[in-house]
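Okay, structure-v2.txt is below, compact mmCIF, C-alpha atoms:
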# COMPACT_ATOMS: atom_id res chain seq x y z
CA MET F 6 0.00 0.00 0.00
CA SER F 7 1.91 3.07 -1.16
CA GLU F 8 -0.29 5.87 -2.43
CA GLN F 9 1.78 8.53 -4.15
CA VAL F 10 1.42 11.83 -2.32
CA HIS F 11 2.46 14.80 -4.43
CA ASN F 12 3.94 17.85 -2.79
CA ARG F 13 5.42 21.22 -3.58
CA LEU F 14 7.52 21.46 -0.51
CA ALA F 15 10.74 22.17 -2.42
CA MET F 16 9.12 25.08 -4.25
CA VAL F 17 7.61 26.64 -1.13
CA ARG F 18 10.81 26.09 0.82
CA ALA F 19 12.86 27.79 -1.90
CA GLU F 20 10.37 30.62 -2.15
CA ARG F 21 10.55 31.25 1.61
CA LYS F 22 14.33 30.78 1.59
CA VAL F 23 14.19 28.07 4.26
CA SER F 24 16.95 25.46 4.32
CA ARG F 25 16.23 21.77 4.76
CA GLN F 26 18.13 21.83 8.04
CA SER F 27 16.11 24.67 9.54
CA LEU F 28 12.79 23.19 8.41
CA ALA F 29 13.84 19.79 9.75
CA ALA F 30 14.83 21.30 13.10
CA ALA F 31 11.54 23.19 13.32
CA VAL F 32 9.38 20.11 12.73
CA GLY F 33 11.61 17.64 14.61
CA VAL F 34 12.90 15.36 11.86
CA HIS F 35 16.22 14.55 10.20
CA TYR F 36 17.10 16.85 7.29
CA GLN F 37 17.29 13.83 4.99
CA THR F 38 13.61 13.19 5.68
CA ILE F 39 12.74 16.60 4.24
CA GLY F 40 14.81 15.75 1.14
CA TYR F 41 13.12 12.38 0.71
CA ILE F 42 9.67 13.98 1.04
CA GLU F 43 10.62 16.51 -1.64
CA ARG F 44 11.83 13.72 -3.92
CA GLY F 45 8.60 11.78 -3.37
CA GLN F 46 10.51 8.91 -1.74
CA TYR F 47 8.72 9.23 1.58
CA ASN F 48 5.15 10.15 2.40
CA PRO F 49 4.97 12.05 5.70
CA SER F 50 2.53 11.09 8.42
CA LEU F 51 -0.48 13.34 8.93
CA ASP F 52 1.21 14.66 12.06
CA LEU F 53 4.35 15.67 10.17
CA ALA F 54 2.43 17.06 7.20
CA LEU F 55 0.41 19.27 9.56
CA LYS F 56 3.56 20.44 11.35
CA ILE F 57 5.17 21.40 8.03
CA ALA F 58 2.00 23.20 6.91
CA LYS F 59 1.87 25.05 10.23
CA PHE F 60 5.52 26.05 9.89
CA PHE F 61 4.78 27.72 6.55
CA GLY F 62 1.40 29.07 7.70
CA LEU F 63 -0.36 27.29 4.87
CA PRO F 64 -3.24 24.80 4.73
CA VAL F 65 -1.93 21.26 4.39
CA GLU F 66 -3.60 20.86 0.99
CA ALA F 67 -1.46 23.73 -0.33
CA LEU F 68 1.61 21.55 0.22
CA PHE F 69 0.38 17.96 -0.17
CA SER F 70 -2.09 16.41 -2.57
CA LEU F 71 -3.10 13.01 -3.93
CA GLU F 72 -3.39 14.64 -7.37
CA PRO F 73 -0.40 16.20 -9.17
CA PHE F 74 -0.17 19.93 -8.62
CA GLN F 75 -0.86 22.21 -11.56
CA PRO F 76 2.12 24.31 -12.65
CA LEU F 77 2.14 27.60 -10.75
CA THR F 78 2.00 29.63 -13.96
CA ASP F 79 -1.23 27.85 -14.92
CA GLN F 80 -2.73 28.66 -11.55
CA VAL F 81 -1.69 32.32 -11.65
CA TYR F 82 -2.31 33.14 -15.30
CA GLY F 83 -4.84 30.48 -16.24
CA HIS F 84 -4.28 27.43 -18.40
CA GLY F 85 -3.70 28.16 -22.08
CA ARG F 86 -4.86 31.76 -21.85
CA ASP F 87 -2.45 32.81 -24.60
CA SER F 88 -3.35 29.99 -26.99
CA MET T 21 16.22 14.80 15.10
CA ALA T 22 12.98 13.77 16.75
CA GLN T 23 12.00 15.23 20.10
CA GLN T 24 15.38 16.81 20.65
CA GLU T 25 14.40 18.20 24.05
CA GLN T 26 14.03 14.67 25.47
CA LEU T 27 17.44 13.43 24.36
CA SER T 28 20.03 12.68 26.99
CA ALA T 29 23.60 13.93 26.70
CA TYR T 30 24.57 10.43 25.53
CA ASP T 31 21.88 10.49 22.83
CA GLN T 32 23.06 13.87 21.61
CA ARG T 33 26.70 12.75 21.48
CA MET T 34 25.75 9.61 19.57
CA TYR T 35 23.49 11.57 17.22
CA ALA T 36 26.33 13.98 16.43
CA LEU T 37 28.75 11.07 15.97
CA MET T 38 26.43 9.19 13.62
CA ASN T 39 25.84 12.31 11.54
CA ARG T 40 29.46 13.24 10.92
CA ASN T 41 30.30 13.59 7.26
CA GLU T 42 33.97 12.62 7.13
CA GLY T 43 33.19 9.24 5.57
CA ALA T 44 30.59 10.58 3.12
CA PRO T 45 32.73 10.07 -0.03
CA LEU T 46 32.93 6.37 0.84
CA TYR T 47 29.15 5.85 0.78
CA ARG T 48 27.96 8.52 -1.62
CA THR T 49 26.74 6.09 -4.30
CA ALA T 50 24.93 2.74 -4.17
CA ALA T 51 27.94 1.02 -5.79
CA ARG T 52 30.26 2.35 -3.09
CA ARG T 53 27.87 1.23 -0.36
CA ARG T 54 27.73 -2.27 -1.86
CA ALA T 55 31.54 -2.39 -2.00
CA LEU T 56 31.73 -1.15 1.59
CA VAL T 57 29.34 -3.83 2.86
CA ALA T 58 31.18 -6.50 0.83
CA ALA T 59 34.47 -5.38 2.40
CA HIS T 60 32.89 -5.53 5.84
CA VAL T 61 31.61 -9.07 5.19
CA VAL T 62 35.10 -10.16 4.06
CA LEU T 63 36.74 -8.55 7.11
CA THR T 64 34.19 -10.21 9.39
CA VAL T 65 34.72 -13.66 7.87
CA ALA T 66 38.50 -13.25 8.11
CA SER T 67 38.28 -12.03 11.72
CA VAL T 68 36.05 -14.93 12.78
CA ALA T 69 38.33 -17.40 11.00
CA ALA T 70 41.37 -15.90 12.74
CA TRP T 71 39.64 -16.01 16.12
CA LEU T 72 38.63 -19.65 15.60
CA ALA T 73 42.18 -20.48 14.54
CA THR T 74 43.39 -18.92 17.78
CA VAL T 75 40.83 -20.45 20.14
CA VAL T 76 40.14 -23.83 18.52
CA GLY T 77 43.26 -24.38 16.43
CA GLN T 78 45.55 -22.79 19.06
CA GLN T 79 47.56 -20.99 16.38
CA MET T 80 49.13 -17.98 18.06
CA TRP T 81 49.98 -16.23 14.77
CA ALA T 82 46.23 -15.98 14.14
CA THR T 83 45.92 -13.69 17.15
CA TRP T 84 48.06 -11.10 15.37
CA VAL T 85 45.99 -11.48 12.21
CA MET T 86 42.83 -10.94 14.24
CA LEU T 87 44.24 -7.84 15.91
CA ALA T 88 45.40 -6.48 12.55
CA LEU T 89 41.89 -6.96 11.13
CA LEU T 90 40.24 -5.27 14.09
CA VAL T 91 41.13 -1.71 13.09
CA PRO T 92 39.85 -1.87 9.48
CA TRP T 93 36.78 -3.78 10.72
CA CYS T 94 35.99 -0.99 13.21
CA ALA T 95 36.58 1.65 10.54
CA ALA T 96 34.26 -0.13 8.07
CA THR T 97 31.63 -0.49 10.79
CA GLY T 98 31.85 3.23 11.50
CA VAL T 99 31.46 4.14 7.83
CA ILE T 100 28.40 1.89 7.44
CA ASN T 101 26.88 3.49 10.53
CA GLY T 102 27.61 6.88 8.96
CA ALA T 103 25.90 5.79 5.73
CA THR T 104 22.78 4.83 7.66
CA ARG T 105 23.01 7.85 9.99
CA GLY T 106 23.01 5.55 12.99
CA LEU T 107 19.79 3.80 12.02
CA LEU T 108 20.61 0.80 14.21
CA GLU T 109 22.81 2.49 16.78
CA LEU T 110 20.66 5.39 17.94
CA ARG T 111 17.80 4.98 20.37
CA SER T 112 14.29 5.27 18.98
CA ARG T 113 13.77 8.68 20.55
CA ALA T 114 16.72 10.02 18.53
CA LEU T 115 15.16 8.86 15.24
CA ASP T 116 12.31 10.47 13.35
CA GLU T 117 9.24 8.68 11.96
CA ARG T 118 10.87 7.86 8.59
CA GLN T 119 13.98 6.46 10.27
CA ARG T 120 11.95 4.33 12.69
CA ALA T 121 9.93 2.91 9.79
CA GLU T 122 13.16 2.28 7.86
CA ARG T 123 14.69 0.53 10.86
CA ASP T 124 11.65 -1.73 11.16
CA ARG T 125 11.95 -2.63 7.46
CA VAL T 126 15.67 -3.35 7.80
CA LYS T 127 15.15 -5.57 10.86
CA ALA T 128 12.32 -7.47 9.18
CA ARG T 129 14.43 -8.08 6.06
CA ALA T 130 17.45 -9.15 8.11
CA HIS T 131 15.23 -11.49 10.13
CA ARG T 132 13.96 -13.15 6.93
CA ILE T 133 17.48 -13.57 5.56
CA VAL T 134 18.80 -15.03 8.81
CA THR T 135 15.84 -17.41 8.99
CA TRP T 136 16.74 -18.80 5.57
CA LEU T 137 20.43 -19.01 6.54
CA LEU T 138 19.50 -20.92 9.71
CA LEU T 139 17.44 -23.32 7.62
CA ALA T 140 20.41 -23.78 5.28
CA THR T 141 22.62 -24.42 8.34
CA VAL T 142 20.22 -27.05 9.68
CA VAL T 143 20.03 -28.78 6.29
CA GLY T 144 23.81 -28.52 5.83
CA THR T 145 24.44 -29.95 9.28
CA GLY T 146 22.07 -32.84 8.59
CA VAL T 147 23.70 -33.59 5.24
CA ALA T 148 27.17 -33.43 6.84
CA GLN T 149 26.05 -35.83 9.58
CA LEU T 150 24.72 -38.27 6.98
CA SER T 151 27.98 -37.95 5.05
CA GLY T 152 29.94 -39.12 8.07
CA VAL T 153 31.33 -35.76 9.18
CA ASP T 154 31.83 -35.43 12.94
CA VAL T 155 29.34 -32.62 13.42
CA LYS T 156 29.79 -32.52 17.19
CA ALA T 157 33.35 -31.28 16.69
CA LEU T 158 32.01 -28.32 14.71
CA VAL T 159 29.27 -27.19 17.09
CA PHE T 160 31.27 -24.27 18.49
CA GLN T 161 32.43 -23.00 15.08
CA VAL T 162 28.96 -23.24 13.53
CA THR T 163 27.25 -21.65 16.54
CA LEU T 164 29.73 -18.77 16.63
CA SER T 165 29.36 -18.16 12.89
CA VAL T 166 25.57 -18.15 13.14
CA PHE T 167 25.75 -15.75 16.08
CA VAL T 168 27.99 -13.32 14.18
CA VAL T 169 25.74 -13.41 11.11
CA HIS T 170 22.67 -12.87 13.27
CA TRP T 171 24.39 -9.94 15.00
CA LEU T 172 25.67 -8.18 11.88
CA MET T 173 23.01 -8.94 9.27
CA PRO T 174 20.86 -5.90 10.19
CA MET T 175 23.85 -3.62 9.67
CA TRP T 176 24.67 -5.18 6.29
CA VAL T 177 21.04 -4.89 5.21
CA ALA T 178 20.89 -1.29 6.44
CA GLY T 179 24.08 -0.46 4.53
CA LEU T 180 22.69 -1.93 1.34
CA SER T 181 19.27 -0.30 1.85
CA ALA T 182 20.63 3.21 2.48
CA ARG T 183 19.62 5.69 -0.18
CA ASP T 184 21.59 8.48 -1.80
CA GLU T 185 21.78 11.72 0.11
CA PRO T 186 19.16 14.24 -1.09
CA GLY T 187 20.81 16.61 -3.57
CA PRO T 188 21.98 20.09 -2.61
CA GLU T 189 19.42 22.81 -2.06
CA GLY T 190 17.67 23.72 -5.30
CA SER T 191 19.22 20.89 -7.32
CA GLU T 192 17.44 19.16 -10.18
CA ASP T 193 16.71 15.99 -8.25
CA GLU T 194 14.28 17.70 -5.93
Could you render the structure from this file as structure tokens?
Amino acid sequence: MSEQVHNRLAMVRAERKVSRQSLAAAVGVHYQTIGYIERGQYNPSLDLALKIAKFFGLPVEALFSLEPFQPLTDQVYGHGRDS
Amino acid sequence: MAQQEQLSAYDQRMYALMNRNEGAPLYRTAARRRALVAAHVVLTVASVAAWLATVVGQQMWATWVMLALLVPWCAATGVINGATRGLLELRSRALDERQRAERDRVKARAHRIVTWLLLATVVGTGVAQLSGVDVKALVFQVTLSVFVVHWLMPMWVAGLSARDEPGPEGSEDE
């Protein structure tokens, strides 16, 4: 049983200029765990997902989803607006 | 590190020790980790053979061989522990949820492997007995070998199961 959970943790982390180490220290995990979540090699528990969402002040569904995330440009400018 | 505020001074020292990066070039890739574990297996087999030669065969030269193997064996053990970030050495409270799950997987896999090896030992012993080998004379050697395999198998499995370090911040593999 290994449902793929998609995330945009790397993007949000880069946008907020937060290192893996500081995020890991804030949520109480090893920094490798943050890297594996970003690579999709580990699905965080609900507890950890909520802690990460709280750290960034975002709803958990803004960071994690069962469906692939739309590209940010599509969300901001609308899909295929120019075509 | 999970629940850092509850860690004892010993836990914190061990955590820092297991997360040192001096040996990182030796376990950076899966091929290097396989070679490292293979070297550790060879060193272990040679050390056990030397110890048995000393204790059972009463060959004093084997003592010096065993002592000479001890240093590289300890170094290889340390590097494997570094590759796994102390997965099997740290207490549960010093591991996070992913590491605890990984440790459970490693122990389960090692348990399965050792179970099959024990079965092979039982069958091998039976076949040897039927072939006229004096099995009673080998009880100590076989028991010691099984004990060492049982003791070290989780570390070998952990070394082989370790994954590559996540890439640097902002790299393409994220």
Excluding Glu72 (chain F) and residues on its chain fewer than 5 positions from it, collect all residues at most 9 Å away from it, counting only C-alpha atoms, and give them as a list in words.
Gln9, Val10 and His11 of chain F
Write down, as a VMD selection string, each residue of chain F that has any atom within 12 Å of an atom of chain T, counting all atoms listed in the file.
chain F and resid 12 to 20 22 to 54
Residues from the last selection, C-alpha atoms, saved as an mmCIF file, in the frame of the given file:
data_model
loop_
_atom_site.group_PDB
_atom_site.id
_atom_site.type_symbol
_atom_site.label_atom_id
_atom_site.label_comp_id
_atom_site.auth_asym_id
_atom_site.auth_seq_id
_atom_site.Cartn_x
_atom_site.Cartn_y
_atom_site.Cartn_z
ATOM 1 C CA ASN F 12 3.940 17.850 -2.790
ATOM 2 C CA ARG F 13 5.420 21.220 -3.580
ATOM 3 C CA LEU F 14 7.520 21.460 -0.510
ATOM 4 C CA ALA F 15 10.740 22.170 -2.420
ATOM 5 C CA MET F 16 9.120 25.080 -4.250
ATOM 6 C CA VAL F 17 7.610 26.640 -1.130
ATOM 7 C CA ARG F 18 10.810 26.090 0.820
ATOM 8 C CA ALA F 19 12.860 27.790 -1.900
ATOM 9 C CA GLU F 20 10.370 30.620 -2.150
ATOM 10 C CA LYS F 22 14.330 30.780 1.590
ATOM 11 C CA VAL F 23 14.190 28.070 4.260
ATOM 12 C CA SER F 24 16.950 25.460 4.320
ATOM 13 C CA ARG F 25 16.230 21.770 4.760
ATOM 14 C CA GLN F 26 18.130 21.830 8.040
ATOM 15 C CA SER F 27 16.110 24.670 9.540
ATOM 16 C CA LEU F 28 12.790 23.190 8.410
ATOM 17 C CA ALA F 29 13.840 19.790 9.750
ATOM 18 C CA ALA F 30 14.830 21.300 13.100
ATOM 19 C CA ALA F 31 11.540 23.190 13.320
ATOM 20 C CA VAL F 32 9.380 20.110 12.730
ATOM 21 C CA GLY F 33 11.610 17.640 14.610
ATOM 22 C CA VAL F 34 12.900 15.360 11.860
ATOM 23 C CA HIS F 35 16.220 14.550 10.200
ATOM 24 C CA TYR F 36 17.100 16.850 7.290
ATOM 25 C CA GLN F 37 17.290 13.830 4.990
ATOM 26 C CA THR F 38 13.610 13.190 5.680
ATOM 27 C CA ILE F 39 12.740 16.600 4.240
ATOM 28 C CA GLY F 40 14.810 15.750 1.140
ATOM 29 C CA TYR F 41 13.120 12.380 0.710
ATOM 30 C CA ILE F 42 9.670 13.980 1.040
ATOM 31 C CA GLU F 43 10.620 16.510 -1.640
ATOM 32 C CA ARG F 44 11.830 13.720 -3.920
ATOM 33 C CA GLY F 45 8.600 11.780 -3.370
ATOM 34 C CA GLN F 46 10.510 8.910 -1.740
ATOM 35 C CA TYR F 47 8.720 9.230 1.580
ATOM 36 C CA ASN F 48 5.150 10.150 2.400
ATOM 37 C CA PRO F 49 4.970 12.050 5.700
ATOM 38 C CA SER F 50 2.530 11.090 8.420
ATOM 39 C CA LEU F 51 -0.480 13.340 8.930
ATOM 40 C CA ASP F 52 1.210 14.660 12.060
ATOM 41 C CA LEU F 53 4.350 15.670 10.170
ATOM 42 C CA ALA F 54 2.430 17.060 7.200
#
What is the distance, in Å and to one decimal place, between CA of Leu71 (chain F) and CA of Arg21 (chain F)?
23.4 Å
When you count all atoms listed in the file, which of these residues is closest to Ser181 (chain T): T:Trp84, T:Trp136, T:Trp71, T:Tyr47?
T:Tyr47
For region 148-165 of chain T, I'd like the enclosing box, axis-aligned and padded by 6 Å on every side, reported as AutoDock Vina command-line options with centre and edge lengths in Å to one decimal.
--center_x 29.0 --center_y -28.6 --center_z 11.8 --size_x 20.6 --size_y 33.0 --size_z 25.4
Computed gap from CA of Ala88 (chain T) to CA of Leu63 (chain T) is 10.4 Å
State, in Å with one decimal place, the distance from CA of Glu42 (chain T) to CA of Ala182 (chain T).
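Those two atoms sit 17.0 Å apart.
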Write out as JSON, numbers by chain the residues lying within 8 Å of Leu46 (chain T), counting only C-alpha atoms and excluding same-chain residues fewer than 6 positions away.
{"T": [52, 53, 56, 99]}
With only C-alpha atoms as the basis for distance, which of T:Val57, T:Val76, T:Ala96, T:Arg123 is at the shortest distance from Arg111 (chain T)?
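Of the candidates, the smallest distance to Arg111 (chain T) is held by T:Arg123.
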Please output region 55-72 of chain F, rebuilt to include N, CA, C and O atoms, as an mmCIF file, in the coordinates of the input.
data_model
loop_
_atom_site.group_PDB
_atom_site.id
_atom_site.type_symbol
_atom_site.label_atom_id
_atom_site.label_comp_id
_atom_site.auth_asym_id
_atom_site.auth_seq_id
_atom_site.Cartn_x
_atom_site.Cartn_y
_atom_site.Cartn_z
ATOM 1 N N LEU F 55 1.047 18.128 8.898
ATOM 2 C CA LEU F 55 0.410 19.270 9.560
ATOM 3 C C LEU F 55 1.450 20.194 10.195
ATOM 4 O O LEU F 55 1.308 21.414 10.159
ATOM 5 N N LYS F 56 2.502 19.605 10.757
ATOM 6 C CA LYS F 56 3.560 20.440 11.350
ATOM 7 C C LYS F 56 4.246 21.278 10.275
ATOM 8 O O LYS F 56 4.553 22.452 10.496
ATOM 9 N N ILE F 57 4.501 20.654 9.118
ATOM 10 C CA ILE F 57 5.170 21.400 8.030
ATOM 11 C C ILE F 57 4.250 22.518 7.535
ATOM 12 O O ILE F 57 4.687 23.657 7.322
ATOM 13 N N ALA F 58 2.961 22.180 7.375
ATOM 14 C CA ALA F 58 2.000 23.200 6.910
ATOM 15 C C ALA F 58 1.937 24.352 7.918
ATOM 16 O O ALA F 58 1.911 25.527 7.536
ATOM 17 N N LYS F 59 1.936 24.010 9.194
ATOM 18 C CA LYS F 59 1.870 25.050 10.230
ATOM 19 C C LYS F 59 3.116 25.931 10.201
ATOM 20 O O LYS F 59 3.045 27.146 10.365
ATOM 21 N N PHE F 60 4.263 25.294 9.949
ATOM 22 C CA PHE F 60 5.520 26.050 9.890
ATOM 23 C C PHE F 60 5.443 27.129 8.805
ATOM 24 O O PHE F 60 5.881 28.259 9.005
ATOM 25 N N PHE F 61 4.867 26.756 7.657
ATOM 26 C CA PHE F 61 4.780 27.720 6.550
ATOM 27 C C PHE F 61 3.522 28.591 6.640
ATOM 28 O O PHE F 61 3.351 29.489 5.810
ATOM 29 N N GLY F 62 2.636 28.300 7.577
ATOM 30 C CA GLY F 62 1.400 29.070 7.700
ATOM 31 C C GLY F 62 0.479 28.844 6.525
ATOM 32 O O GLY F 62 -0.196 29.761 6.051
ATOM 33 N N LEU F 63 0.467 27.621 6.031
ATOM 34 C CA LEU F 63 -0.360 27.290 4.870
ATOM 35 C C LEU F 63 -1.279 26.124 5.219
ATOM 36 O O LEU F 63 -0.963 25.321 6.097
ATOM 37 N N PRO F 64 -2.434 26.014 4.536
ATOM 38 C CA PRO F 64 -3.240 24.800 4.730
ATOM 39 C C PRO F 64 -2.496 23.596 4.166
ATOM 40 O O PRO F 64 -1.720 23.725 3.203
ATOM 41 N N VAL F 65 -2.708 22.446 4.769
ATOM 42 C CA VAL F 65 -1.930 21.260 4.390
ATOM 43 C C VAL F 65 -2.145 20.907 2.908
ATOM 44 O O VAL F 65 -1.229 20.418 2.237
ATOM 45 N N GLU F 66 -3.339 21.205 2.389
ATOM 46 C CA GLU F 66 -3.600 20.860 0.990
ATOM 47 C C GLU F 66 -2.850 21.782 0.016
ATOM 48 O O GLU F 66 -2.779 21.500 -1.171
ATOM 49 N N ALA F 67 -2.284 22.870 0.528
ATOM 50 C CA ALA F 67 -1.460 23.730 -0.330
ATOM 51 C C ALA F 67 -0.088 23.094 -0.557
ATOM 52 O O ALA F 67 0.608 23.429 -1.519
ATOM 53 N N LEU F 68 0.281 22.183 0.321
ATOM 54 C CA LEU F 68 1.610 21.550 0.220
ATOM 55 C C LEU F 68 1.537 20.099 -0.246
ATOM 56 O O LEU F 68 2.452 19.622 -0.921
ATOM 57 N N PHE F 69 0.481 19.393 0.137
ATOM 58 C CA PHE F 69 0.380 17.960 -0.170
ATOM 59 C C PHE F 69 -0.940 17.666 -0.865
ATOM 60 O O PHE F 69 -1.965 18.246 -0.523
ATOM 61 N N SER F 70 -0.879 16.760 -1.842
ATOM 62 C CA SER F 70 -2.090 16.410 -2.570
ATOM 63 C C SER F 70 -1.970 15.002 -3.145
ATOM 64 O O SER F 70 -0.867 14.545 -3.458
ATOM 65 N N LEU F 71 -3.105 14.335 -3.267
ATOM 66 C CA LEU F 71 -3.100 13.010 -3.930
ATOM 67 C C LEU F 71 -3.051 13.180 -5.436
ATOM 68 O O LEU F 71 -2.696 12.249 -6.153
ATOM 69 N N GLU F 72 -3.443 14.357 -5.928
ATOM 70 C CA GLU F 72 -3.390 14.640 -7.370
ATOM 71 C C GLU F 72 -2.154 15.492 -7.651
ATOM 72 O O GLU F 72 -1.775 16.303 -6.805
#
